[in-house]
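So this block is final.cif, mmCIF, C-alpha atoms and all ligand atoms:
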data_work
loop_
_atom_site.label_atom_id
_atom_site.label_comp_id
_atom_site.auth_asym_id
_atom_site.auth_seq_id
_atom_site.Cartn_x
_atom_site.Cartn_y
_atom_site.Cartn_z
CA ALA A 1 0.00 0.00 0.00
CA LYS A 2 2.87 2.30 0.87
CA LEU A 3 4.46 1.75 -2.49
CA ASP A 4 1.17 2.43 -4.26
CA GLY A 5 0.82 5.69 -2.38
CA GLN A 6 4.29 6.71 -3.44
CA GLY A 7 3.58 5.74 -7.01
CA ALA A 8 0.48 7.91 -7.05
CA LEU A 9 2.41 10.80 -5.54
CA GLN A 10 5.16 10.46 -8.13
CA GLY A 11 2.57 10.28 -10.88
CA PHE A 12 0.99 13.43 -9.55
CA GLN A 13 4.35 15.21 -9.30
CA GLN A 14 5.23 14.10 -12.81
CA HIS A 15 1.92 15.38 -14.15
CA PHE A 16 2.37 18.67 -12.32
CA HIS A 17 5.88 19.03 -13.65
CA ASP A 18 4.80 18.27 -17.25
CA GLU A 19 2.02 20.81 -16.97
CA LEU A 20 4.44 23.49 -15.78
CA VAL A 21 6.84 22.75 -18.63
CA ARG A 22 3.98 22.91 -21.13
CA GLN A 23 2.76 26.25 -19.76
CA HIS A 24 6.26 27.62 -19.77
CA ARG A 25 6.69 26.68 -23.46
CA LEU A 26 3.29 28.11 -24.30
CA ALA A 27 4.20 31.40 -22.58
CA GLU A 28 7.43 31.55 -24.58
CA ARG A 29 5.58 31.03 -27.84
CA LEU A 30 2.93 33.56 -26.87
CA GLU A 31 5.67 36.16 -26.51
CA HIS A 32 6.32 35.91 -30.23
CA ALA A 33 2.68 35.66 -31.28
CA ILE A 34 2.32 39.37 -32.01
CA ALA A 35 5.52 39.69 -34.04
CA ASN A 36 4.68 36.49 -35.93
CA CYS A 37 1.16 37.69 -36.79
CA GLU A 38 -0.42 34.68 -35.12
CA LEU A 39 -3.18 36.66 -33.43
CA SER A 40 -6.53 37.64 -34.83
CA LEU A 41 -9.86 38.91 -33.60
CA HIS A 42 -13.10 37.12 -34.21
CA TYR A 43 -16.32 39.06 -33.78
CA GLN A 44 -19.50 37.62 -32.33
CA PRO A 45 -22.69 39.54 -33.13
CA GLN A 46 -25.21 40.56 -30.48
CA VAL A 47 -28.61 40.94 -32.08
CA SER A 48 -31.67 42.87 -30.98
CA ALA A 49 -34.10 40.47 -29.24
CA VAL A 50 -36.91 42.29 -31.01
CA SER A 51 -35.71 42.97 -34.55
CA GLY A 52 -32.89 40.45 -34.93
CA ARG A 53 -30.58 43.16 -36.27
CA ILE A 54 -26.92 43.11 -35.31
CA GLU A 55 -26.31 45.96 -32.90
CA ASN A 56 -22.99 45.11 -31.25
CA LEU A 57 -20.02 42.88 -31.81
CA GLU A 58 -17.89 41.28 -29.11
CA ALA A 59 -14.24 41.02 -30.10
CA LEU A 60 -12.72 37.69 -29.06
CA LEU A 61 -9.01 37.04 -29.33
CA ARG A 62 -7.73 34.05 -31.29
CA TRP A 63 -4.22 32.60 -31.27
CA GLU A 64 -3.08 30.18 -33.91
CA PRO A 65 0.63 29.47 -33.48
CA ALA A 66 2.42 29.09 -36.82
CA ASP A 67 3.74 25.70 -35.71
CA GLY A 68 0.69 24.26 -34.04
CA GLU A 69 -2.95 24.12 -33.27
CA ALA A 70 -5.09 27.02 -32.10
CA VAL A 71 -4.92 27.62 -28.35
CA SER A 72 -8.11 28.65 -26.53
CA PRO A 73 -8.22 32.11 -24.92
CA ALA A 74 -9.56 30.40 -21.80
CA GLU A 75 -6.05 28.95 -21.61
CA PHE A 76 -3.73 31.65 -22.91
CA ILE A 77 -5.40 34.72 -21.38
CA PRO A 78 -4.77 33.52 -17.79
CA LEU A 79 -1.23 32.62 -18.86
CA ALA A 80 -0.72 36.10 -20.29
CA GLU A 81 -2.10 37.60 -17.08
CA ARG A 82 0.40 35.69 -14.97
CA SER A 83 3.38 36.48 -17.18
CA GLY A 84 2.51 40.14 -17.66
CA LEU A 85 2.12 39.75 -21.42
CA ILE A 86 -1.55 40.64 -21.14
CA GLU A 87 -0.81 44.35 -21.43
CA ARG A 88 0.86 43.94 -24.81
CA LEU A 89 -1.85 41.58 -26.02
CA GLY A 90 -4.47 44.02 -24.77
CA ASP A 91 -2.87 46.87 -26.69
CA TRP A 92 -2.90 44.74 -29.80
CA VAL A 93 -6.62 43.97 -29.30
CA MET A 94 -7.50 47.65 -28.81
CA GLU A 95 -5.57 48.72 -31.86
CA GLU A 96 -7.05 46.00 -34.02
CA ALA A 97 -10.64 46.56 -32.86
CA CYS A 98 -10.42 50.36 -33.29
CA GLY A 99 -8.82 49.99 -36.72
CA GLN A 100 -11.55 47.59 -37.80
CA GLN A 101 -14.28 49.83 -36.42
CA ALA A 102 -12.83 52.80 -38.33
CA ALA A 103 -12.71 50.76 -41.55
CA TRP A 104 -16.36 49.71 -41.16
CA ARG A 105 -17.37 53.29 -40.42
CA ALA A 106 -15.62 54.41 -43.59
CA ALA A 107 -17.52 51.73 -45.51
CA GLY A 108 -20.86 53.08 -44.27
CA VAL A 109 -21.62 50.75 -41.34
CA GLU A 110 -23.19 53.04 -38.72
CA ALA A 111 -24.26 52.68 -35.11
CA LEU A 112 -22.42 49.47 -34.49
CA ARG A 113 -20.50 49.07 -31.28
CA ILE A 114 -17.52 46.82 -30.73
CA ASP A 115 -16.85 45.55 -27.22
CA ILE A 116 -13.47 44.34 -26.06
CA ASN A 117 -12.77 42.22 -22.98
CA LEU A 118 -10.48 43.55 -20.27
CA SER A 119 -9.04 41.31 -17.58
CA GLY A 120 -8.29 42.33 -14.00
CA ARG A 121 -4.64 43.03 -14.52
CA GLN A 122 -5.41 45.22 -17.53
CA VAL A 123 -7.94 47.29 -15.64
CA ARG A 124 -5.60 47.71 -12.69
CA ALA A 125 -2.67 48.80 -14.85
CA PRO A 126 -2.69 52.58 -14.58
CA GLU A 127 -2.53 53.30 -18.29
CA THR A 128 -4.81 50.80 -19.99
CA LEU A 129 -7.92 52.95 -19.95
CA GLU A 130 -6.02 56.08 -21.03
CA ARG A 131 -4.49 54.13 -23.88
CA LEU A 132 -7.95 52.97 -24.91
CA GLU A 133 -9.16 56.58 -25.07
CA ALA A 134 -6.11 57.59 -27.05
CA CYS A 135 -6.56 54.68 -29.43
CA VAL A 136 -10.21 55.58 -30.05
CA ALA A 137 -9.23 59.18 -30.79
CA ARG A 138 -6.31 58.22 -33.02
CA HIS A 139 -8.67 56.21 -35.22
CA GLY A 140 -11.12 59.10 -35.48
CA LEU A 141 -13.80 57.24 -33.53
CA GLU A 142 -16.29 58.46 -30.94
CA PRO A 143 -16.09 57.04 -27.40
CA GLN A 144 -19.44 55.28 -27.85
CA ASP A 145 -18.10 53.27 -30.79
CA ILE A 146 -16.10 51.05 -28.44
CA GLY A 147 -17.21 49.32 -25.25
CA ILE A 148 -15.47 47.29 -22.59
CA GLU A 149 -16.55 44.12 -20.80
CA LEU A 150 -15.42 43.50 -17.22
CA THR A 151 -16.35 40.63 -14.94
CA GLU A 152 -18.02 41.21 -11.58
CA ASN A 153 -14.93 40.06 -9.75
CA VAL A 154 -12.82 42.69 -11.51
CA LEU A 155 -15.26 45.37 -10.39
CA ILE A 156 -15.46 44.08 -6.83
CA GLU A 157 -11.69 44.05 -6.51
CA ALA A 158 -11.31 47.53 -8.00
CA ASN A 159 -9.80 50.22 -5.82
CA GLU A 160 -10.50 53.93 -5.75
CA ALA A 161 -8.05 54.70 -8.56
CA VAL A 162 -9.67 52.18 -10.89
CA LEU A 163 -13.11 53.49 -10.02
CA THR A 164 -12.05 57.02 -10.86
CA ARG A 165 -10.70 55.94 -14.24
CA LEU A 166 -13.84 53.97 -15.05
CA ARG A 167 -16.04 56.93 -14.13
CA ARG A 168 -14.03 59.10 -16.45
CA LEU A 169 -14.51 56.67 -19.34
CA TYR A 170 -18.20 56.39 -18.57
CA HIS A 171 -18.65 60.14 -18.65
CA ARG A 172 -16.84 60.30 -21.96
CA GLY A 173 -19.44 57.89 -23.33
CA VAL A 174 -17.56 54.59 -23.41
CA ARG A 175 -19.99 51.70 -22.84
CA ILE A 176 -19.17 49.44 -19.89
CA ALA A 177 -20.72 45.98 -19.59
CA ILE A 178 -20.60 43.56 -16.66
CA ASP A 179 -19.63 40.18 -18.09
CA ASP A 180 -20.79 36.82 -16.70
CA PHE A 181 -23.33 38.57 -14.48
CA GLY A 182 -24.48 36.44 -11.56
CA THR A 183 -21.36 34.29 -11.24
CA GLY A 184 -19.07 36.51 -9.14
CA TYR A 185 -18.71 36.33 -5.39
CA SER A 186 -20.55 39.51 -4.78
CA SER A 187 -23.29 41.41 -3.14
CA LEU A 188 -25.18 43.68 -5.47
CA SER A 189 -23.95 46.83 -3.80
CA TYR A 190 -21.17 47.28 -6.32
CA LEU A 191 -23.88 48.15 -8.87
CA LYS A 192 -24.37 51.33 -6.92
CA LEU A 193 -20.73 52.27 -7.09
CA PHE A 194 -19.80 51.44 -10.61
CA PRO A 195 -20.63 53.33 -13.71
CA VAL A 196 -21.94 50.60 -16.02
CA THR A 197 -24.24 50.59 -19.03
CA ALA A 198 -25.01 46.91 -19.60
CA LEU A 199 -25.38 43.53 -17.88
CA LYS A 200 -24.52 40.30 -19.62
CA ILE A 201 -26.41 37.42 -18.04
CA ASP A 202 -24.02 34.49 -17.78
CA ARG A 203 -24.61 31.66 -20.16
CA SER A 204 -24.96 29.07 -17.38
CA PHE A 205 -28.36 30.57 -16.48
CA VAL A 206 -29.42 30.75 -20.12
CA ARG A 207 -28.34 27.16 -20.71
CA ASP A 208 -30.30 25.71 -17.79
CA GLY A 209 -33.20 28.18 -17.85
CA PRO A 210 -35.61 26.07 -19.92
CA GLN A 211 -35.29 23.16 -17.43
CA GLN A 212 -34.57 24.82 -14.09
CA SER A 213 -36.91 27.23 -12.37
CA GLU A 214 -34.02 28.52 -10.21
CA ASP A 215 -32.12 29.67 -13.27
CA ARG A 216 -35.23 31.32 -14.63
CA ALA A 217 -35.78 33.12 -11.34
CA ILE A 218 -32.21 34.42 -11.34
CA MET A 219 -32.52 35.57 -14.95
CA GLU A 220 -35.77 37.35 -14.23
CA ALA A 221 -34.25 39.11 -11.25
CA ALA A 222 -31.21 40.12 -13.32
CA VAL A 223 -33.36 41.59 -16.09
CA PHE A 224 -35.50 43.40 -13.55
CA ILE A 225 -32.59 44.94 -11.70
CA GLY A 226 -30.77 45.79 -14.94
CA HIS A 227 -33.76 47.59 -16.38
CA ARG A 228 -34.54 49.38 -13.13
CA LEU A 229 -30.96 50.69 -13.18
CA GLY A 230 -31.38 51.80 -16.79
CA LEU A 231 -28.97 49.20 -18.15
CA GLU A 232 -29.07 47.26 -21.35
CA VAL A 233 -29.46 43.52 -20.69
CA VAL A 234 -27.69 40.99 -22.87
CA ALA A 235 -28.34 37.22 -22.76
CA GLU A 236 -25.16 35.25 -23.43
CA GLY A 237 -24.77 31.77 -24.84
CA VAL A 238 -28.17 31.34 -26.48
CA GLU A 239 -27.93 28.10 -28.46
CA THR A 240 -31.48 26.82 -28.92
CA GLY A 241 -34.89 28.10 -29.98
CA GLU A 242 -36.20 27.26 -26.53
CA GLN A 243 -33.55 29.42 -24.85
CA LEU A 244 -34.25 32.22 -27.30
CA ALA A 245 -37.98 32.12 -26.54
CA LEU A 246 -37.17 32.31 -22.84
CA VAL A 247 -34.84 35.30 -23.03
CA ARG A 248 -37.30 37.09 -25.29
CA GLU A 249 -40.12 36.41 -22.87
CA MET A 250 -37.92 37.88 -20.13
CA ARG A 251 -37.38 41.00 -22.20
CA CYS A 252 -33.64 40.79 -22.61
CA ASP A 253 -32.56 43.53 -25.01
CA LEU A 254 -29.80 41.77 -26.88
CA VAL A 255 -29.06 38.14 -27.62
CA GLN A 256 -25.64 36.60 -28.20
CA GLY A 257 -24.93 32.95 -28.89
CA TYR A 258 -24.46 30.15 -31.36
CA TYR A 259 -28.18 30.12 -32.17
CA PHE A 260 -27.59 33.25 -34.25
CA HIS A 261 -23.86 33.49 -34.81
CA ARG A 262 -20.60 32.02 -33.60
CA PRO A 263 -17.62 34.33 -33.21
CA LEU A 264 -16.71 34.99 -36.87
CA PRO A 265 -13.58 36.06 -38.73
CA VAL A 266 -13.63 39.56 -40.22
CA ALA A 267 -14.62 38.55 -43.76
CA GLU A 268 -17.67 36.65 -42.56
CA VAL A 269 -18.95 39.21 -40.12
CA GLN A 270 -18.40 41.87 -42.74
CA ARG A 271 -20.63 39.98 -45.15
CA LEU A 272 -23.40 40.04 -42.54
CA LEU A 273 -22.93 43.75 -41.85
CA PHE A 274 -22.95 44.73 -45.50
CA GLY A 275 -26.00 42.52 -46.08
CA GLN A 276 -27.77 44.40 -43.30
CA LEU A 277 -26.90 47.74 -44.92
CA GLU A 278 -28.93 46.87 -47.99
CA HIS A 279 -32.12 46.37 -45.96
P1 LIG B 301 -16.25 35.63 -22.35
O1 LIG B 301 -15.86 37.07 -22.39
O2 LIG B 301 -17.29 35.24 -21.38
O3 LIG B 301 -16.67 35.28 -23.86
C1 LIG B 301 -17.73 34.44 -24.22
C2 LIG B 301 -17.23 33.05 -24.57
O4 LIG B 301 -18.35 32.23 -24.84
C3 LIG B 301 -16.38 33.04 -25.86
O5 LIG B 301 -15.41 32.00 -25.72
C4 LIG B 301 -17.43 32.66 -26.91
O6 LIG B 301 -16.86 32.05 -28.06
C5 LIG B 301 -18.28 31.68 -26.15
N1 LIG B 301 -19.65 31.60 -26.66
C6 LIG B 301 -20.37 32.53 -27.31
N2 LIG B 301 -21.61 32.08 -27.61
C7 LIG B 301 -21.69 30.82 -27.13
C8 LIG B 301 -22.72 29.82 -27.12
O7 LIG B 301 -23.83 30.01 -27.63
N3 LIG B 301 -22.42 28.65 -26.51
C9 LIG B 301 -21.21 28.39 -25.94
N4 LIG B 301 -21.00 27.20 -25.39
N5 LIG B 301 -20.21 29.32 -25.93
C10 LIG B 301 -20.45 30.52 -26.51
P2 LIG B 301 -13.89 32.25 -26.16
O8 LIG B 301 -13.85 33.04 -27.41
O9 LIG B 301 -13.22 30.91 -26.12
O10 LIG B 301 -13.31 33.16 -25.00
C11 LIG B 301 -13.14 32.68 -23.69
C12 LIG B 301 -12.81 33.78 -22.72
O11 LIG B 301 -11.51 34.31 -23.00
C13 LIG B 301 -13.75 34.98 -22.81
O12 LIG B 301 -14.94 34.71 -22.09
C14 LIG B 301 -12.89 36.06 -22.18
O13 LIG B 301 -12.97 35.98 -20.77
C15 LIG B 301 -11.49 35.67 -22.62
N6 LIG B 301 -11.07 36.52 -23.76
C16 LIG B 301 -11.28 36.35 -25.08
N7 LIG B 301 -10.72 37.36 -25.81
C17 LIG B 301 -10.15 38.21 -24.90
C18 LIG B 301 -9.41 39.44 -25.02
O14 LIG B 301 -9.20 40.01 -26.10
N8 LIG B 301 -8.96 39.99 -23.85
C19 LIG B 301 -9.21 39.41 -22.62
N9 LIG B 301 -8.74 40.03 -21.50
N10 LIG B 301 -9.91 38.27 -22.48
C20 LIG B 301 -10.37 37.67 -23.61
CA CA B 302 -16.97 38.89 -22.67
CA CA B 303 -19.27 36.21 -20.78
CA CA B 304 -16.51 34.16 -19.16
#

As structure tokens - that is how I would like this structure written.
Ligand code: C2E
Ligand code: CA
Ligand code: CA
Ligand code: CA
Amino acid sequence: AKLDGQGALQGFQQHFHDELVRQHRLAERLEHAIANCELSLHYQPQVSAVSGRIENLEALLRWEPADGEAVSPAEFIPLAERSGLIERLGDWVMEEACGQQAAWRAAGVEALRIDINLSGRQVRAPETLERLEACVARHGLEPQDIGIELTENVLIEANEAVLTRLRRLYHRGVRIAIDDFGTGYSSLSYLKLFPVTALKIDRSFVRDGPQQSEDRAIMEAAVFIGHRLGLEVVAEGVETGEQLALVREMRCDLVQGYYFHRPLPVAEVQRLLFGQLEH
């Protein structure tokens, strides 16, 4: 039995070691991703629950290493946060999203917002939000052309300095959405403190809503509170007709999910946008 225990421990240590080596290699490759043009943005449409028109796009980062398979952002974003690379990646995302927005504006696509995701470390870094404002201006855009998505936990952990910077952005007209709403370890009191414009109901509630009355109750409460606070409410992760019917019945304003569109490369989303222009 003792030997078995030791074997299991060694197996565990080996696994742990292999995982560290793998992450270390991944971090090294990620460092060169920008220079090697391995990054791209995909855009996932958010459509009006009423008209079905595309009103916003969420920019989602993609990494396809030249010498390997695509790595999920759920894996490389946390890695970039730990290694400090996130700030450079974030700058790349901002630049790319603003450049794309400016190009679409020039081509006649109006009133479309692009949201980018910001992680905790990005929001805490003193210059991220200033750089975003500068980037928007440099591309000749208005503040309301670009939005940011922050998770509840990022907001809860924010200090006074972060709050001040977010308020400044808000007053300039930058849209601020709370991502994965309902999943953070939070009381609702932060809603009072933070200048936000939208709530995104986490996809776990949307997924289970048709079967589980608890999820429906939470969604209903989220829509109610969002609307009472004057916020736009987005349902995330809508995959089925049943889920769509539910979020419509609950009066969500915008719907995002595979039911309508997956995150799409530029050429494909552009086809949708130009198609919409003709109607
Ligand atoms: P998120 O911000 O919550 O983004 C939504 C995730 O749900 C995306 O995964 C999207 O592809 C996926 N999704 C959208 N609709 C559906 C659906 O109907 N069903 C299901 N099952 N999934 C759906 P993705 O693209 O893999 O991104 C994962 C996470 O990585 C994001 O979660 C976000 O936290 C982070 N991320 C992505 N791009 C960036 C970025 O540029 N900067 C930062 N800081 N984080 C990013
Ligand atoms: Ca998001
Ligand atoms: Ca989300
Ligand atoms: Ca998420």

Review point. Skipping near chain neighbours, those fewer than 3 positions away, what residues fall within 6 Å of region 235-247 of chain A using all atoms listed in the file, listed as a list of chain:residue names?
Key: A:Lys200, A:Ile201, A:Asp202, A:Arg203, A:Met250, A:Cys252, A:Val255, A:Gln256, A:Gly257, A:Tyr258, A:Tyr259

Dump C-alpha atoms for the selected residues as a short mmCIF file (atom, residue, chain, number, x, y, z; two decimals), in the coordinates of the input?
data_model
loop_
_atom_site.label_atom_id
_atom_site.label_comp_id
_atom_site.auth_asym_id
_atom_site.auth_seq_id
_atom_site.Cartn_x
_atom_site.Cartn_y
_atom_site.Cartn_z
CA LYS A 200 -24.52 40.30 -19.62
CA ILE A 201 -26.41 37.42 -18.04
CA ASP A 202 -24.02 34.49 -17.78
CA ARG A 203 -24.61 31.66 -20.16
CA MET A 250 -37.92 37.88 -20.13
CA CYS A 252 -33.64 40.79 -22.61
CA VAL A 255 -29.06 38.14 -27.62
CA GLN A 256 -25.64 36.60 -28.20
CA GLY A 257 -24.93 32.95 -28.89
CA TYR A 258 -24.46 30.15 -31.36
CA TYR A 259 -28.18 30.12 -32.17
#

**Study point:** Nearest to ligand CA 303 (chain B), chosen from A:Trp63, A:Phe224, A:Trp92, A:Phe181, with all atoms listed in the file counted in the distances
**Key:** A:Phe181

Point to revise | CA of Pro45 (chain A) to CA of Gly108 (chain A), straight-line distance in Å | key: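 So the two atoms, CA of Gly108 (chain A) and CA of Pro45 (chain A), lie 17.6 Å apart.
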
Check your understanding: For ligand LIG 301 (chain B), which residue out of A:Ala134, A:Leu163, A:Ala158, A:Leu264 is the nearest one, using all atoms listed in the file?
Key ->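 Counting all atoms listed in the file, the residue closest to ligand LIG 301 (chain B) is A:Leu264.
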
Exercise for review: List all protein, DNA and RNA residues that have an atom no more than 8 Å from any atom of ligand LIG 301 (chain B), counting all atoms listed in the file, and report them as a VMD selection string.
Suggested key: chain A and resid 41 to 42 44 59 to 62 72 to 75 77 86 89 to 90 93 116 to 120 122 149 179 to 180 202 to 203 236 to 239 256 to 259 261 to 263

**Study point:** Computed interatomic separation between CA of Leu231 (chain A) and CA of Thr197 (chain A) (Å)
**Key:**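 Interatomic distance here is 5.0 Å.
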
Check your understanding: Which residue out of A:Glu95, A:Glu214, A:Asp208, A:Glu58 has the minimum interatomic distance to ligand CA 303 (chain B) when all atoms listed in the file are used?
Key ->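 Ranked by minimum distance to ligand CA 303 (chain B), first place goes to A:Glu58.
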
Could you tell me, as a compact mmCIF listing (two decimals) with C-alpha atoms, in the coordinates of the input, which residues have any atom at most 6 Å from (-20.4, 49.8, -30.6), counting only C-alpha atoms?
# COMPACT_ATOMS: atom_id res chain seq x y z
CA ASN A 56 -22.99 45.11 -31.25
CA LEU A 112 -22.42 49.47 -34.49
CA ARG A 113 -20.50 49.07 -31.28
CA ILE A 114 -17.52 46.82 -30.73
CA ASP A 145 -18.10 53.27 -30.79
CA ILE A 146 -16.10 51.05 -28.44

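Comparing A:Ala217, A:Ala177, A:Leu254, A:Ala103 by their smallest distance to ligand CA 303 (chain B), the closest is A:Ala177 (using all atoms listed in the file).
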
Point to revise | Using all atoms listed in the file: which of A:Leu26, A:Met219, A:Ala102, A:Leu193 has the shortest distance to Glu69 (chain A) | key: A:Leu26

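Proximity of A:Gly147, A:Gly140, A:Pro78, A:Pro210 to ligand CA 302 (chain B), computed with all atoms listed in the file, is greatest for A:Gly147.
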